[in-house]
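Notes for the one structure printed next.
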Amino acid sequence: MLLCEFQGIASYVIPEYRDAAMQHILDRKFDPSKPPNIENRYLQMYRVPRYTIEPGSSGMKMPDFANVLHVDTMGLYILLHGRPGRNFFSGMVIDHAFRVNQRSVFGYGLGRLMMPGGRDPHFRRLYACLLALPRRYREAIVEYN
């Protein structure tokens, strides 16, 4: 369905503005009844390996606590080592275009700063629930007072 939609969109673009993918789908007489044959190795998601001290390491070291609230630095680390959907960064929003939501990066960094003992999954779950409910933090303060 996505390729059919793309073919329709490409057909409305004037030839001078078409890119190579548009021209390819229009030149090859795309048949929507026969799906393309794509090998499984092209569909796999790859992640950058963890940071090592060795020269030429393609990973990135986890930012220290002084840089946890720097959204660009943390976002780059999460983008390199995370993946869309389920990942080990609790509460991070990453879509399949590999865009990282800046608000969720800031919330993740704030949670790491506030977390007792470094990595407590119970605290992380409660913290995520608290942030997900609008005005709940303010209501909890009123209830406490």
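Just so we're on the same page: first chain in the structure tokens is A, next is B, and so on; residues restart at 1 for each chain, and ligands are numbered from 1 in the order they show up.
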**Request:** Might you pull out every residue within 8 Å of Leu110 of chain A, with only C-alpha atoms counted and same-chain residues fewer than 3 positions away left off, and present them as a ChimeraX atom specification?
**Result:** /A:68-69,106-107,113-114
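When only C-alpha atoms are used to measure the gap to Gly91 of chain A, the shortest distance among A:Ala20, A:Leu2, A:Leu76, A:Leu126 belongs to A:Leu126.
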**Message:** Counting only C-alpha atoms, which residue out of A:Arg112, A:Arg136, A:Arg83, A:Arg124 sits closest to Ala97 of chain A?
**Reply:**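 Closest to Ala97 of chain A of all the choices is A:Arg83.
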**Request:** Considering only C-alpha atoms, return as a count of residues only whatever protein or nucleic-acid residues lie within 12 Å of Ser33 of chain A, sequence-local ones (same chain, fewer than 4 positions apart) excluded.
**Result:** 4
List the spatial neighbours of Leu79 of chain A as a compact mmCIF listing (two decimals) with N, CA, C and O atoms, in the first residue's frame - criterion: any atom at most 8 Å away, only C-alpha atoms, same-chain residues fewer than 6 positions off excluded.
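Below you can see part-v2.txt, which holds the result:
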```txt
# COMPACT_ATOMS: atom_id res chain seq x y z
N ILE A 94 11.43 7.41 20.26
CA ILE A 94 12.23 7.34 19.03
C ILE A 94 11.33 6.79 17.95
O ILE A 94 10.75 5.72 18.12
N PHE A 98 14.24 7.62 13.02
CA PHE A 98 15.35 7.86 13.95
C PHE A 98 15.39 9.31 14.43
O PHE A 98 16.43 9.92 14.50
N ARG A 99 14.21 9.81 14.76
CA ARG A 99 14.12 11.12 15.39
C ARG A 99 13.84 10.90 16.88
O ARG A 99 12.99 10.10 17.23
N VAL A 100 14.58 11.59 17.72
CA VAL A 100 14.44 11.45 19.16
C VAL A 100 13.71 12.69 19.67
O VAL A 100 14.07 13.81 19.36
```
**Message:** Set the distance at 10 Å and use only C-alpha atoms: which residues neighbour Ile78 of chain A once local chain neighbours fewer than 3 positions away are removed? I'd like the list as JSON, numbers by chain.
**Reply:** {"A": [60, 62, 72, 73, 74, 75, 81, 82, 83, 87, 88, 89, 92, 94, 100, 105]}
Could the residues in this selection be written to a file with all heavy atoms, as a compact mmCIF listing (two decimals), in the first residue's frame?
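For reference, again.txt as written:
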```
# COMPACT_ATOMS: atom_id res chain seq x y z
N MET A 60 29.80 5.65 21.41
CA MET A 60 29.93 6.92 22.13
C MET A 60 29.80 6.62 23.61
O MET A 60 28.96 5.83 24.02
CB MET A 60 28.82 7.87 21.68
CG MET A 60 28.80 9.20 22.36
SD MET A 60 27.41 10.18 21.72
CE MET A 60 27.46 11.55 22.84
N MET A 62 28.78 7.02 27.43
CA MET A 62 27.60 7.58 28.11
C MET A 62 27.98 8.91 28.73
O MET A 62 28.98 9.00 29.45
CB MET A 62 27.12 6.60 29.18
CG MET A 62 25.97 7.11 29.99
SD MET A 62 24.50 7.14 29.00
CE MET A 62 23.25 6.86 30.21
N ASP A 72 21.07 17.77 23.35
CA ASP A 72 21.72 17.31 22.11
C ASP A 72 22.70 16.17 22.37
O ASP A 72 22.75 15.20 21.62
CB ASP A 72 22.43 18.47 21.42
CG ASP A 72 21.46 19.51 20.90
OD1 ASP A 72 20.29 19.14 20.64
OD2 ASP A 72 21.84 20.68 20.76
N THR A 73 23.49 16.29 23.43
CA THR A 73 24.47 15.24 23.75
C THR A 73 23.78 13.94 24.13
O THR A 73 24.11 12.88 23.61
CB THR A 73 25.38 15.70 24.91
OG1 THR A 73 25.95 16.96 24.58
CG2 THR A 73 26.47 14.70 25.17
N MET A 74 22.79 14.03 25.02
CA MET A 74 22.06 12.82 25.42
C MET A 74 21.26 12.25 24.26
O MET A 74 21.17 11.04 24.08
CB MET A 74 21.11 13.13 26.58
CG MET A 74 21.76 13.15 27.94
SD MET A 74 22.57 11.62 28.41
CE MET A 74 21.20 10.51 28.54
N GLY A 75 20.66 13.12 23.44
CA GLY A 75 19.89 12.66 22.29
C GLY A 75 20.76 11.91 21.30
O GLY A 75 20.34 10.88 20.74
N HIS A 81 22.70 4.41 20.37
CA HIS A 81 22.65 3.14 21.09
C HIS A 81 21.25 2.59 21.31
O HIS A 81 21.10 1.48 21.79
CB HIS A 81 23.38 3.27 22.43
CG HIS A 81 24.83 3.54 22.27
ND1 HIS A 81 25.73 2.61 21.83
CD2 HIS A 81 25.54 4.68 22.46
CE1 HIS A 81 26.93 3.15 21.77
NE2 HIS A 81 26.85 4.40 22.15
N GLY A 82 20.23 3.36 20.99
CA GLY A 82 18.86 2.88 21.14
C GLY A 82 18.29 2.45 19.80
O GLY A 82 18.99 2.37 18.79
N ARG A 83 17.01 2.19 19.79
CA ARG A 83 16.33 1.83 18.55
C ARG A 83 14.86 2.19 18.70
O ARG A 83 14.35 2.32 19.81
CB ARG A 83 16.51 0.37 18.22
CG ARG A 83 15.95 -0.57 19.25
CD ARG A 83 16.20 -2.02 18.85
NE ARG A 83 15.64 -2.92 19.81
CZ ARG A 83 16.25 -3.33 20.90
NH1 ARG A 83 17.46 -2.91 21.18
NH2 ARG A 83 15.66 -4.16 21.73
N ASN A 87 13.10 -0.33 23.78
CA ASN A 87 14.54 -0.25 23.99
C ASN A 87 14.81 -0.09 25.47
O ASN A 87 13.90 0.00 26.27
CB ASN A 87 15.15 0.88 23.15
CG ASN A 87 14.60 2.24 23.48
OD1 ASN A 87 14.69 2.67 24.62
ND2 ASN A 87 14.01 2.91 22.52
N PHE A 88 16.08 -0.07 25.83
CA PHE A 88 16.42 -0.04 27.25
C PHE A 88 16.47 1.37 27.82
O PHE A 88 16.82 1.54 28.97
CB PHE A 88 17.76 -0.76 27.50
CG PHE A 88 18.87 -0.32 26.59
CD1 PHE A 88 19.64 0.78 26.88
CD2 PHE A 88 19.14 -1.03 25.44
CE1 PHE A 88 20.66 1.17 26.05
CE2 PHE A 88 20.17 -0.64 24.59
CZ PHE A 88 20.92 0.46 24.90
N PHE A 89 16.10 2.38 27.05
CA PHE A 89 15.98 3.74 27.56
C PHE A 89 14.51 3.95 27.93
O PHE A 89 13.68 4.21 27.07
CB PHE A 89 16.42 4.77 26.52
CG PHE A 89 17.88 4.69 26.18
CD1 PHE A 89 18.30 4.16 24.98
CD2 PHE A 89 18.83 5.15 27.08
CE1 PHE A 89 19.64 4.09 24.67
CE2 PHE A 89 20.18 5.08 26.77
CZ PHE A 89 20.57 4.54 25.57
N MET A 92 11.85 6.85 26.47
CA MET A 92 12.37 7.58 25.31
C MET A 92 11.45 7.40 24.12
O MET A 92 10.97 6.31 23.85
CB MET A 92 13.76 7.09 24.93
CG MET A 92 14.82 7.50 25.90
SD MET A 92 14.86 9.25 26.26
CE MET A 92 14.85 9.96 24.66
N ILE A 94 11.43 7.41 20.26
CA ILE A 94 12.23 7.34 19.03
C ILE A 94 11.33 6.79 17.95
O ILE A 94 10.75 5.72 18.12
CB ILE A 94 13.46 6.42 19.19
CG1 ILE A 94 14.30 6.83 20.39
CG2 ILE A 94 14.30 6.42 17.93
CD1 ILE A 94 15.43 5.86 20.70
N VAL A 100 14.58 11.59 17.72
CA VAL A 100 14.44 11.45 19.16
C VAL A 100 13.71 12.69 19.67
O VAL A 100 14.07 13.81 19.36
CB VAL A 100 15.83 11.32 19.84
CG1 VAL A 100 15.68 11.18 21.33
CG2 VAL A 100 16.58 10.15 19.26
N VAL A 105 13.98 13.25 26.01
CA VAL A 105 15.40 13.24 26.37
C VAL A 105 15.62 14.03 27.65
O VAL A 105 16.33 13.58 28.56
CB VAL A 105 16.28 13.82 25.23
CG1 VAL A 105 17.72 13.98 25.67
CG2 VAL A 105 16.21 12.95 24.00
```
**Prompt:** How many Å lie between atom CA of Ala21 of chain A and atom CA of Phe6 of chain A, rounded to one decimal?
**Reply:**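 Separation of atom CA of Ala21 of chain A and atom CA of Phe6 of chain A: 9.5 Å.
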**Asked** Which one of A:Ala66, A:Pro84, A:Glu16, A:Ala10 sits closest to Asn101 of chain A if you count only C-alpha atoms?
**Response**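 Under the stated criterion, the closest residue is A:Pro84.
For the pair atom CA of Pro134 of chain A and atom CA of Pro121 of chain A, the separation is 21.8 Å.
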**Request:** Using only C-alpha atoms, find the one residue out of A:Asn67, A:Gln7, A:Tyr77, A:Ala132 that sits nearest to Leu26 of chain A.
**Result:** A:Gln7
**Item:** Nearby residues (only C-alpha atoms) at most 9 Å from Ala128 of chain A, same-chain spacing under 5 positions excluded, as a ChimeraX atom specification
**Value:** /A:90-91,107-108,111,123,133
